[in-house]
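S.K.: Structure file data_33.cif (mmCIF, C-alpha atoms) right here:
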data_target
#
loop_
_atom_site.label_atom_id
_atom_site.label_comp_id
_atom_site.auth_asym_id
_atom_site.auth_seq_id
_atom_site.Cartn_x
_atom_site.Cartn_y
_atom_site.Cartn_z
CA MET A 1 25.13 28.31 -48.55
CA LYS A 2 26.01 26.49 -45.31
CA LYS A 3 22.92 27.96 -43.69
CA PHE A 4 20.81 26.70 -46.61
CA PHE A 5 22.10 23.13 -46.28
CA CYS A 6 21.58 23.26 -42.50
CA ILE A 7 17.95 24.27 -42.99
CA VAL A 8 17.46 21.50 -45.58
CA ALA A 9 18.96 18.94 -43.19
CA ILE A 10 16.64 20.05 -40.38
CA LEU A 11 13.60 19.87 -42.65
CA LEU A 12 14.55 16.41 -43.90
CA SER A 13 15.10 15.20 -40.34
CA ALA A 14 11.72 16.56 -39.28
CA GLU A 15 10.06 14.88 -42.29
CA ILE A 16 11.65 11.53 -41.42
CA LEU A 17 10.54 11.79 -37.80
CA SER A 18 7.01 12.82 -38.76
CA ALA A 19 6.77 9.67 -40.91
CA GLN A 20 7.39 7.50 -37.85
CA GLU A 21 4.47 6.38 -35.74
CA ILE A 22 3.32 3.71 -33.32
CA LYS A 23 0.73 1.30 -34.67
CA ILE A 24 -1.40 -0.38 -32.00
CA LEU A 25 -1.49 -4.14 -32.61
CA THR A 26 -3.61 -5.29 -29.69
CA SER A 27 -5.18 -3.98 -26.48
CA GLY A 28 -7.85 -4.81 -23.94
CA ALA A 29 -6.25 -7.68 -22.01
CA ASN A 30 -6.61 -7.34 -18.23
CA THR A 31 -2.92 -6.82 -17.58
CA SER A 32 -0.28 -4.10 -17.33
CA LEU A 33 2.59 -5.22 -19.54
CA ARG A 34 6.14 -4.38 -18.45
CA GLY A 35 7.98 -7.41 -19.77
CA LEU A 36 8.76 -7.54 -23.50
CA SER A 37 11.19 -9.77 -25.37
CA VAL A 38 11.47 -9.76 -29.18
CA VAL A 39 13.13 -12.87 -30.57
CA ASN A 40 12.97 -11.79 -34.21
CA ASN A 41 10.81 -9.58 -36.39
CA GLU A 42 7.86 -11.96 -36.10
CA THR A 43 8.17 -13.60 -32.68
CA LEU A 44 7.61 -11.61 -29.49
CA TRP A 45 6.56 -12.32 -25.92
CA VAL A 46 5.07 -10.01 -23.29
CA SER A 47 4.43 -10.46 -19.58
CA GLY A 48 2.53 -8.51 -16.95
CA SER A 49 0.17 -8.36 -14.00
CA ASN A 50 -2.48 -10.94 -13.09
CA GLY A 51 -0.13 -13.76 -14.06
CA ILE A 52 -0.54 -13.07 -17.76
CA VAL A 53 1.88 -13.86 -20.59
CA GLY A 54 1.25 -13.15 -24.27
CA LYS A 55 2.93 -14.42 -27.43
CA SER A 56 2.74 -13.62 -31.13
CA ILE A 57 4.55 -15.48 -33.90
CA ASP A 58 3.28 -13.35 -36.78
CA GLY A 59 4.51 -9.88 -35.93
CA GLY A 60 1.67 -9.05 -33.56
CA ASN A 61 -1.22 -9.77 -35.93
CA THR A 62 -2.57 -12.58 -33.76
CA TRP A 63 -1.93 -13.36 -30.10
CA LYS A 64 -2.00 -16.25 -27.69
CA TRP A 65 -2.77 -15.09 -24.15
CA MET A 66 -2.14 -17.36 -21.19
CA THR A 67 -2.55 -17.11 -17.42
CA VAL A 68 0.18 -19.04 -15.63
CA LYS A 69 -1.60 -21.61 -13.47
CA GLY A 70 -0.97 -21.13 -9.75
CA PHE A 71 0.47 -17.63 -10.31
CA GLU A 72 -2.71 -15.74 -11.17
CA ASN A 73 -1.92 -12.91 -8.75
CA ILE A 74 1.74 -12.48 -9.68
CA ASP A 75 3.09 -9.49 -11.58
CA PHE A 76 5.57 -10.79 -14.15
CA ARG A 77 7.64 -7.64 -14.65
CA ASP A 78 10.21 -9.11 -17.03
CA ILE A 79 10.49 -11.82 -19.65
CA GLU A 80 13.39 -13.21 -21.69
CA ALA A 81 12.49 -15.26 -24.76
CA PHE A 82 14.80 -17.31 -26.95
CA SER A 83 12.35 -18.78 -29.46
CA ALA A 84 8.64 -19.40 -29.96
CA LYS A 85 9.04 -22.29 -27.50
CA LYS A 86 11.54 -21.12 -24.88
CA ALA A 87 11.02 -18.22 -22.46
CA ILE A 88 11.73 -17.21 -18.85
CA ILE A 89 9.48 -14.98 -16.74
CA MET A 90 10.28 -13.11 -13.52
CA GLY A 91 7.73 -12.42 -10.79
CA THR A 92 8.30 -9.56 -8.37
CA GLY A 93 7.37 -9.32 -4.71
CA SER A 94 7.95 -11.51 -1.73
CA PRO A 95 8.13 -14.36 -2.48
CA SER A 96 9.85 -13.72 -5.82
CA TYR A 97 9.66 -16.27 -8.62
CA ILE A 98 11.35 -17.23 -11.87
CA LEU A 99 9.61 -19.70 -14.21
CA ARG A 100 10.64 -21.31 -17.47
CA THR A 101 8.80 -22.81 -20.43
CA ILE A 102 10.17 -24.93 -23.27
CA ASP A 103 6.83 -25.69 -24.95
CA GLY A 104 5.59 -22.26 -25.92
CA GLY A 105 3.91 -21.51 -22.61
CA GLU A 106 1.73 -24.60 -22.38
CA ASN A 107 3.58 -25.53 -19.19
CA TRP A 108 5.74 -23.46 -16.83
CA GLU A 109 8.38 -24.86 -14.48
CA LEU A 110 9.20 -22.99 -11.27
CA VAL A 111 13.00 -22.76 -11.37
CA TYR A 112 13.60 -20.21 -8.59
CA GLU A 113 11.71 -19.07 -5.49
CA ASN A 114 12.89 -16.70 -2.76
CA LYS A 115 10.75 -16.08 0.32
CA MET A 116 13.24 -13.81 2.07
CA LYS A 117 11.60 -10.78 3.67
CA GLY A 118 12.04 -7.70 1.50
CA MET A 119 12.75 -9.61 -1.72
CA PHE A 120 11.69 -7.79 -4.88
CA LEU A 121 13.11 -8.76 -8.26
CA ASP A 122 13.41 -5.92 -10.78
CA ALA A 123 14.91 -7.11 -14.07
CA MET A 124 16.83 -9.78 -15.97
CA THR A 125 19.28 -9.71 -18.84
CA PHE A 126 21.03 -12.48 -20.76
CA TRP A 127 24.36 -12.49 -22.57
CA ASN A 128 23.28 -15.53 -24.59
CA GLU A 129 20.84 -18.40 -24.28
CA GLN A 130 22.78 -19.94 -21.40
CA SER A 131 24.18 -17.08 -19.30
CA GLY A 132 21.93 -14.59 -17.53
CA ILE A 133 21.62 -12.36 -14.48
CA VAL A 134 18.70 -11.16 -12.34
CA LEU A 135 18.70 -7.99 -10.22
CA GLY A 136 16.66 -7.26 -7.11
CA ASP A 137 16.15 -4.51 -4.55
CA PRO A 138 18.50 -4.35 -1.56
CA VAL A 139 18.08 -6.91 1.22
CA ASN A 140 20.13 -6.07 4.31
CA ASN A 141 21.48 -3.04 2.42
CA ARG A 142 22.89 -5.09 -0.47
CA PHE A 143 21.40 -5.43 -3.95
CA PHE A 144 20.24 -8.94 -4.73
CA ILE A 145 21.99 -10.55 -7.71
CA GLY A 146 21.43 -14.06 -9.05
CA ARG A 147 23.09 -15.88 -11.95
CA THR A 148 22.24 -18.72 -14.29
CA PHE A 149 24.62 -20.56 -16.59
CA ASP A 150 22.27 -23.24 -17.94
CA GLY A 151 19.59 -21.26 -19.72
CA GLY A 152 17.59 -20.49 -16.59
CA LYS A 153 17.16 -24.07 -15.41
CA THR A 154 18.91 -23.20 -12.14
CA TRP A 155 19.83 -19.92 -10.41
CA GLN A 156 22.47 -19.16 -7.81
CA THR A 157 22.73 -16.11 -5.57
CA ILE A 158 26.17 -14.50 -5.69
CA PRO A 159 28.11 -14.40 -2.38
CA GLU A 160 26.91 -11.78 0.09
CA ALA A 161 30.26 -10.00 0.14
CA ASN A 162 30.09 -9.53 -3.66
CA LYS A 163 26.65 -7.90 -3.66
CA PRO A 164 26.81 -4.11 -4.23
CA VAL A 165 26.06 -2.01 -1.15
CA ALA A 166 23.10 0.37 -1.42
CA GLU A 167 22.66 3.80 0.14
CA LYS A 168 19.68 4.40 2.41
CA GLY A 169 16.60 4.89 0.27
CA GLU A 170 18.27 3.56 -2.89
CA TYR A 171 16.61 0.78 -4.88
CA CYS A 172 15.65 -0.21 -8.42
CA PHE A 173 12.52 0.35 -10.49
CA ALA A 174 10.85 -2.68 -12.03
CA GLY A 175 9.34 -0.47 -14.71
CA SER A 176 10.44 -2.23 -17.89
CA GLY A 177 12.97 -4.94 -17.15
CA THR A 178 15.75 -2.73 -18.48
CA ASN A 179 17.55 -1.26 -15.48
CA ILE A 180 20.20 -3.95 -15.94
CA ARG A 181 21.89 -4.57 -19.30
CA LYS A 182 24.83 -6.49 -20.66
CA LEU A 183 27.82 -4.17 -21.06
CA ASN A 184 30.04 -6.58 -22.97
CA LYS A 185 30.51 -10.33 -23.28
CA GLY A 186 31.02 -10.86 -19.56
CA GLU A 187 29.84 -7.80 -17.67
CA ALA A 188 26.57 -6.07 -16.83
CA VAL A 189 25.64 -2.54 -15.83
CA PHE A 190 22.64 -1.43 -13.74
CA VAL A 191 21.02 1.80 -12.56
CA THR A 192 19.12 2.77 -9.42
CA GLY A 193 16.74 5.41 -8.11
CA GLY A 194 14.99 6.72 -5.03
CA LEU A 195 16.81 9.03 -2.64
CA VAL A 196 19.97 8.30 -4.64
CA SER A 197 20.27 7.48 -8.35
CA ARG A 198 23.48 5.79 -9.44
CA ILE A 199 24.97 3.64 -12.15
CA TYR A 200 26.97 0.52 -11.24
CA ILE A 201 29.71 -0.46 -13.68
CA ARG A 202 31.98 -3.28 -12.52
CA ASP A 203 33.31 -2.21 -9.10
CA LYS A 204 32.47 1.47 -9.66
CA LYS A 205 29.28 3.31 -8.77
CA MET A 206 28.62 6.88 -9.86
CA VAL A 207 25.85 9.33 -9.03
CA LEU A 208 23.78 10.17 -12.10
CA PRO A 209 22.56 13.66 -13.10
CA ILE A 210 19.03 12.23 -13.09
CA LEU A 211 16.14 13.55 -11.00
CA GLN A 212 16.37 11.93 -7.54
CA GLY A 213 15.79 12.54 -3.85
CA LYS A 214 12.30 11.01 -3.52
CA GLU A 215 10.88 7.50 -3.70
CA SER A 216 9.25 8.01 -7.11
CA ALA A 217 12.28 9.51 -8.86
CA GLY A 218 15.50 8.23 -10.38
CA ALA A 219 16.90 6.18 -13.24
CA ASN A 220 14.50 3.57 -14.60
CA SER A 221 16.36 2.22 -17.60
CA VAL A 222 19.79 2.07 -19.22
CA ALA A 223 20.66 1.26 -22.83
CA VAL A 224 24.12 0.40 -24.14
CA LYS A 225 25.50 1.26 -27.57
CA SER A 226 29.10 0.42 -26.72
CA ARG A 227 31.33 0.13 -23.70
CA LYS A 228 31.68 3.93 -23.81
CA THR A 229 28.27 5.18 -25.00
CA MET A 230 25.23 4.64 -22.79
CA ILE A 231 22.01 6.55 -22.14
CA VAL A 232 19.95 6.47 -18.94
CA ALA A 233 16.26 7.39 -18.81
CA GLY A 234 13.93 8.03 -15.89
CA GLY A 235 12.47 10.96 -13.98
CA ASP A 236 9.56 11.00 -11.53
CA PHE A 237 6.71 8.61 -12.38
CA THR A 238 4.27 10.78 -10.41
CA GLN A 239 5.11 13.71 -12.72
CA ARG A 240 4.68 12.12 -16.13
CA ASN A 241 5.03 15.36 -18.11
CA ASP A 242 8.14 16.65 -16.33
CA THR A 243 11.17 16.87 -18.64
CA ILE A 244 13.69 17.93 -15.98
CA LYS A 245 16.67 15.57 -15.66
CA ASN A 246 14.86 12.62 -17.21
CA CYS A 247 17.73 11.55 -19.47
CA ALA A 248 21.54 11.48 -19.30
CA ILE A 249 24.25 10.48 -21.78
CA THR A 250 27.83 9.26 -21.41
CA HIS A 251 30.42 8.79 -24.15
CA ASP A 252 33.30 7.78 -21.88
CA GLY A 253 31.99 4.71 -20.09
CA GLY A 254 30.27 6.61 -17.28
CA ALA A 255 33.12 8.87 -16.19
CA THR A 256 31.18 11.98 -17.25
CA TRP A 257 27.56 12.62 -18.17
CA VAL A 258 25.68 15.28 -20.13
CA LEU A 259 21.99 16.14 -20.42
CA PRO A 260 20.25 16.35 -23.81
CA GLN A 261 19.79 19.70 -25.50
CA ARG A 262 16.16 18.66 -26.04
CA SER A 263 14.87 16.05 -23.60
CA PRO A 264 12.21 13.36 -24.04
CA LEU A 265 8.69 14.67 -23.46
CA GLY A 266 8.35 13.41 -19.88
CA TYR A 267 9.09 10.64 -17.40
CA ARG A 268 10.50 7.61 -19.23
CA SER A 269 10.51 4.02 -17.96
CA CYS A 270 12.48 2.45 -20.83
CA ILE A 271 15.16 3.31 -23.36
CA GLU A 272 16.51 1.15 -26.18
CA TYR A 273 19.47 1.57 -28.52
CA LEU A 274 18.52 0.77 -32.13
CA GLN A 275 21.24 1.36 -34.74
CA LYS A 276 23.88 3.91 -35.75
CA ASN A 277 22.92 7.03 -33.71
CA LYS A 278 19.26 6.10 -33.25
CA TRP A 279 17.49 5.45 -29.92
CA ILE A 280 13.90 5.10 -28.72
CA THR A 281 12.41 5.80 -25.29
CA CYS A 282 8.89 5.51 -23.88
CA GLY A 283 6.87 6.36 -20.79
CA LEU A 284 3.43 7.13 -19.46
CA ASN A 285 2.76 9.99 -21.87
CA GLY A 286 4.40 8.90 -25.10
CA VAL A 287 7.29 7.71 -27.25
CA ASP A 288 10.35 9.68 -28.39
CA ILE A 289 13.06 9.08 -31.00
CA SER A 290 16.61 10.43 -31.17
CA ASN A 291 18.79 10.25 -34.27
CA ASP A 292 21.84 11.97 -32.74
CA ASP A 293 22.84 9.72 -29.83
CA GLY A 294 20.33 11.25 -27.43
CA ASN A 295 21.29 14.90 -27.82
CA THR A 296 17.84 15.85 -29.15
CA TRP A 297 14.58 13.93 -28.86
CA SER A 298 11.41 14.21 -30.94
CA ASN A 299 8.05 12.91 -29.77
CA ILE A 300 6.37 10.56 -32.27
CA SER A 301 3.41 9.36 -30.17
CA LYS A 302 1.32 10.52 -27.21
CA GLU A 303 0.31 6.92 -26.44
CA GLY A 304 1.76 5.76 -23.13
CA PHE A 305 3.86 2.61 -22.91
CA HIS A 306 6.04 0.98 -20.24
CA VAL A 307 8.61 -0.82 -22.38
CA CYS A 308 10.18 -0.68 -25.86
CA ARG A 309 12.44 -3.35 -27.35
CA GLU A 310 14.04 -4.14 -30.69
CA ALA A 311 14.23 -7.63 -32.18
CA LYS A 312 17.36 -9.53 -31.16
CA LYS A 313 17.54 -10.96 -34.68
CA GLY A 314 16.06 -8.25 -36.86
CA ASN A 315 15.20 -4.56 -36.64
CA THR A 316 11.50 -4.42 -35.77
CA VAL A 317 10.69 -2.36 -32.65
CA TYR A 318 7.74 -3.14 -30.40
CA VAL A 319 6.26 -1.36 -27.37
CA ALA A 320 3.96 -2.58 -24.60
CA GLY A 321 1.99 -1.00 -21.76
CA SER A 322 -1.19 -0.91 -19.71
CA ASP A 323 -4.46 -2.67 -20.60
CA GLY A 324 -2.61 -5.32 -22.58
CA LYS A 325 -1.57 -2.73 -25.18
CA VAL A 326 1.15 -3.69 -27.66
CA GLY A 327 2.36 -1.49 -30.50
CA LYS A 328 4.89 -1.47 -33.31
CA LEU A 329 7.16 1.27 -34.63
CA ILE A 330 6.22 2.09 -38.24
CA GLU A 331 8.79 3.93 -40.37
#
Kindly transcribe the structure held in the file into structure tokens.
M.R.:
Amino acid sequence: MKKFFCIVAILLSAEILSAQEIKILTSGANTSLRGLSVVNNETLWVSGSNGIVGKSIDGGNTWKWMTVKGFENIDFRDIEAFSAKKAIIMGTGSPSYILRTIDGGENWELVYENKMKGMFLDAMTFWNEQSGIVLGDPVNNRFFIGRTFDGGKTWQTIPEANKPVAEKGEYCFAGSGTNIRKLNKGEAVFVTGGLVSRIYIRDKKMVLPILQGKESAGANSVAVKSRKTMIVAGGDFTQRNDTIKNCAITHDGGATWVLPQRSPLGYRSCIEYLQKNKWITCGLNGVDISNDDGNTWSNISKEGFHVCREAKKGNTVYVAGSDGKVGKLIE
């Protein structure tokens, strides 16, 4: 009898997963989208290469595309939106830029610029509409960290002595704007890759059981369910179909890590916690879902995407990727 119920449960789970799919909402824009911020079920913003930002206020049915004047060659790898009017975009490279709009993207104010040699911003996260943090690759062997406490109007670099020290060949991937996340009301956690792949939690840094040891490998993204339960996703972006050490799970705040029994289908640039025991991850060769806190993953799409995010106020999940492609999780 137990065996019967187990088989029924497996079949029901498979049926639920098979009913999930990614619906393409738009594509064709001349941009690779890595920034995605979902305000609510209807309002979402995307950002990408060639200075392009996109916005939809009707769940992705129609789009407004804009090229930020004076920044046509900048790759905006991350975006944080608070409404249909307010958003902040982050430009990588040297110089690195942060810009802010309060009128829906009609005008953008340059609020931060750093021309330091070696500067490369990777990701932002916000605790609320006022307090945020931006992470960058190491400069002089220390990871760059900046803070804002006024909604992105101004940014301050933290003191040099407080910046985390990096190992040789260790840096961050600006693959989806999700290698730094809020851990609780006042703390953040971030992950690294390259020759060394680690997770930084408060004053602790721990080596991850993620593929590492070369410039293209390591942790790309971290998602937080609670202070104890987190999942890291990554791999080697030059080996998109490789499932070896592309995901790791902790249930004790990072003290110990385990690998999934069934991994995502390949390299993954983003992971997002959804609800209960459900997670979503995406990469160059598809999208995977887990309903058991990352222990097993099932592929629901072979379409490649860079980033997946759930609505801050709502439960709709969107994905974005190359060629201006934006999709939506259908259940």
S.K.: With all atoms listed in the file as the basis for distance, which of A:Thr316, A:Tyr112, A:Gly136, A:Asn285 is at the shortest distance from A:Thr148?
M.R.: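 Of the candidates, the smallest distance to A:Thr148 is held by A:Tyr112.
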S.K.: Assuming the chain letters and numbering stay as they are in my file, what does the PyMOL selection byres ((chain A and resi 204) around 12) actually select? List them as a list in words.
M.R.: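 Against this file, the PyMOL selection byres ((chain A and resi 204) around 12) returns the residues Pro164, Val165, Ala188, Val189, Phe190, Val191, Arg198, Ile199, Tyr200, Ile201, Arg202, Asp203, Lys205, Met206, Val207, Gly253, Gly254 and Ala255 of chain A.
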S.K.: With only C-alpha atoms counted and 12 Å as the cut-off, give the residues of stretch 241-320 of chain A in contact with stretch 71-87 of chain A, each with its shortest interatomic distance in Å and the pair that gives it, as a tab-separated table.
M.R.:
residue	atom	partner	partner_atom	distance
A:His306	CA	A:Arg77	CA	10.4
A:Val307	CA	A:Asp78	CA	10.0
A:Arg309	CA	A:Glu80	CA	11.4
A:Ala311	CA	A:Ala81	CA	10.8
A:Lys312	CA	A:Phe82	CA	9.2
A:Lys313	CA	A:Phe82	CA	10.4
A:Ala320	CA	A:Arg77	CA	11.8
S.K.: Given the selection you just returned, output its residues as a file containing C-alpha atoms, formatted as a short mmCIF file (atom, residue, chain, number, x, y, z; two decimals), keeping the file's coordinate frame.
M.R.:
data_model
loop_
_atom_site.label_atom_id
_atom_site.label_comp_id
_atom_site.auth_asym_id
_atom_site.auth_seq_id
_atom_site.Cartn_x
_atom_site.Cartn_y
_atom_site.Cartn_z
CA HIS A 306 6.04 0.98 -20.24
CA VAL A 307 8.61 -0.82 -22.38
CA ARG A 309 12.44 -3.35 -27.35
CA ALA A 311 14.23 -7.63 -32.18
CA LYS A 312 17.36 -9.53 -31.16
CA LYS A 313 17.54 -10.96 -34.68
CA ALA A 320 3.96 -2.58 -24.60
#
S.K.: Mind telling me what the PyMOL selection byres ((chain A and resi 261) around 8) catches here, as a PyMOL selection string?
M.R.: chain A and resi 259-260+262-263+295-296
S.K.: Quote the spacing between atom CA of A:Asp137 and atom CA of A:Gly266 in Å to one decimal place.
M.R.: 24.8 Å
S.K.: Evaluating the PyMOL selection byres ((chain A and resi 28) around 8) on the displayed file yields which residues, as a PyMOL selection string?
M.R.: chain A and resi 26-27+29-30+323-325
S.K.: If the box runs along x, y and z of the file and leaves 5 Å on each side of stretch 318-323 of chain A, what are its centre and edge lengths in Å, one decimal, as JSON?
M.R.:
{"center_x": 1.6, "center_y": -2.0, "center_z": -25.1, "size_x": 22.2, "size_y": 12.2, "size_z": 20.7}
S.K.: Residues within 9 Å of A:Asp150, please, as a count of residues only. Count all atoms listed in the file; anything in the same chain fewer than 6 positions from it doesn't count.
M.R.: 4
S.K.: Which residue is closest to A:Phe126? Choose from A:Trp279, A:Phe149, A:Phe305, A:Tyr171 and count all atoms listed in the file.
M.R.: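 Among the listed residues, the smallest separation from A:Phe126 belongs to A:Phe149.
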S.K.: Could you tell me how far atom CA of A:Glu310 lies from atom CA of A:Gly59, in Å and to one decimal?
M.R.: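 The value is 12.3 Å.
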S.K.: Rounded to one decimal in Å, what is the spacing between atom CA of A:Phe237 and atom CA of A:Glu272?
M.R.: 18.5 Å
S.K.: Using only C-alpha atoms, collect all residues at a distance of at most 6 Å from (21.1, -9.9, -8.0) as written in the file, then present them as a ChimeraX atom specification.
M.R.: /A:134-136,144-146
S.K.: Distance cut-off 9 Å, centre (26.5, 2.4, -24.5) in file coordinates, counting all atoms listed in the file: which residues qualify? Return them as a list in words.
M.R.: Leu183, Val222, Ala223, Val224, Lys225, Ser226, Arg227, Lys228, Thr229, Met230, Ile231, Ile249, Thr250, His251, Gly253 and Tyr273 of chain A
S.K.: Identify which of the residues A:Val319, A:Met66, A:Met119, A:Cys247 lies closest to A:Glu106, counting only C-alpha atoms when measuring atom-to-atom distances.
M.R.: A:Met66
S.K.: May I have the residues within 10 Å of A:Ile210 as number ranges by chain, using only C-alpha atoms and disregarding those fewer than 4 positions away in the same chain?
M.R.: A: 193, 196-198, 217-220, 232-236, 244-248, 257, 259
S.K.: Let me make sure I understand: among A:Arg100, A:Pro264, A:Asn315, A:Glu170, which one has the smallest atom-to-atom distance to A:Lys328 if we use only C-alpha atoms?
M.R.: A:Asn315
S.K.: Assuming the input is short of atoms at stretch 223-231 of chain A, produce all heavy atoms for that part as an mmCIF file, in the frame of the given file.
M.R.:
data_model
loop_
_atom_site.group_PDB
_atom_site.id
_atom_site.type_symbol
_atom_site.label_atom_id
_atom_site.label_comp_id
_atom_site.auth_asym_id
_atom_site.auth_seq_id
_atom_site.Cartn_x
_atom_site.Cartn_y
_atom_site.Cartn_z
ATOM 1 N N ALA A 223 20.420 1.926 -21.558
ATOM 2 C CA ALA A 223 20.660 1.260 -22.830
ATOM 3 C C ALA A 223 22.116 1.443 -23.214
ATOM 4 O O ALA A 223 22.717 2.485 -22.937
ATOM 5 C CB ALA A 223 19.745 1.814 -23.918
ATOM 6 N N VAL A 224 22.687 0.433 -23.845
ATOM 7 C CA VAL A 224 24.120 0.400 -24.140
ATOM 8 C C VAL A 224 24.343 0.322 -25.647
ATOM 9 O O VAL A 224 23.856 -0.593 -26.311
ATOM 10 C CB VAL A 224 24.790 -0.792 -23.447
ATOM 11 C CG1 VAL A 224 26.270 -0.855 -23.806
ATOM 12 C CG2 VAL A 224 24.600 -0.709 -21.934
ATOM 13 N N LYS A 225 25.073 1.292 -26.171
ATOM 14 C CA LYS A 225 25.500 1.260 -27.570
ATOM 15 C C LYS A 225 26.871 0.613 -27.684
ATOM 16 O O LYS A 225 27.126 -0.194 -28.582
ATOM 17 C CB LYS A 225 25.547 2.680 -28.144
ATOM 18 C CG LYS A 225 26.055 2.768 -29.572
ATOM 19 C CD LYS A 225 26.069 4.210 -30.060
ATOM 20 C CE LYS A 225 26.572 4.327 -31.485
ATOM 21 N NZ LYS A 225 26.555 5.731 -31.968
ATOM 22 N N SER A 226 27.746 0.977 -26.768
ATOM 23 C CA SER A 226 29.100 0.420 -26.720
ATOM 24 C C SER A 226 29.580 0.514 -25.281
ATOM 25 O O SER A 226 28.878 1.027 -24.407
ATOM 26 C CB SER A 226 30.036 1.216 -27.638
ATOM 27 O OG SER A 226 30.211 2.538 -27.163
ATOM 28 N N ARG A 227 30.770 0.046 -25.049
ATOM 29 C CA ARG A 227 31.330 0.130 -23.700
ATOM 30 C C ARG A 227 31.439 1.581 -23.224
ATOM 31 O O ARG A 227 31.368 1.862 -22.030
ATOM 32 C CB ARG A 227 32.722 -0.517 -23.691
ATOM 33 C CG ARG A 227 33.279 -0.794 -22.301
ATOM 34 C CD ARG A 227 34.666 -1.413 -22.404
ATOM 35 N NE ARG A 227 35.166 -1.760 -21.092
ATOM 36 C CZ ARG A 227 35.077 -2.972 -20.560
ATOM 37 N NH1 ARG A 227 34.495 -3.941 -21.231
ATOM 38 N NH2 ARG A 227 35.568 -3.227 -19.365
ATOM 39 N N LYS A 228 31.534 2.513 -24.164
ATOM 40 C CA LYS A 228 31.680 3.930 -23.810
ATOM 41 C C LYS A 228 30.359 4.699 -23.844
ATOM 42 O O LYS A 228 30.139 5.582 -23.025
ATOM 43 C CB LYS A 228 32.689 4.597 -24.743
ATOM 44 C CG LYS A 228 34.123 4.144 -24.514
ATOM 45 C CD LYS A 228 35.100 4.962 -25.352
ATOM 46 C CE LYS A 228 36.540 4.582 -25.038
ATOM 47 N NZ LYS A 228 37.507 5.405 -25.813
ATOM 48 N N THR A 229 29.490 4.392 -24.808
ATOM 49 C CA THR A 229 28.270 5.180 -25.000
ATOM 50 C C THR A 229 27.052 4.474 -24.424
ATOM 51 O O THR A 229 26.678 3.393 -24.882
ATOM 52 C CB THR A 229 28.048 5.482 -26.483
ATOM 53 O OG1 THR A 229 29.156 6.229 -26.982
ATOM 54 C CG2 THR A 229 26.777 6.294 -26.688
ATOM 55 N N MET A 230 26.452 5.124 -23.423
ATOM 56 C CA MET A 230 25.230 4.640 -22.790
ATOM 57 C C MET A 230 24.302 5.809 -22.538
ATOM 58 O O MET A 230 24.752 6.943 -22.384
ATOM 59 C CB MET A 230 25.549 3.954 -21.453
ATOM 60 C CG MET A 230 26.340 2.666 -21.572
ATOM 61 S SD MET A 230 26.865 2.029 -19.952
ATOM 62 C CE MET A 230 28.385 2.972 -19.731
ATOM 63 N N ILE A 231 23.001 5.533 -22.494
ATOM 64 C CA ILE A 231 22.010 6.550 -22.140
ATOM 65 C C ILE A 231 21.110 5.989 -21.051
ATOM 66 O O ILE A 231 20.683 4.829 -21.116
ATOM 67 C CB ILE A 231 21.181 7.005 -23.349
ATOM 68 C CG1 ILE A 231 22.083 7.552 -24.466
ATOM 69 C CG2 ILE A 231 20.175 8.071 -22.932
ATOM 70 C CD1 ILE A 231 21.334 8.063 -25.677
#
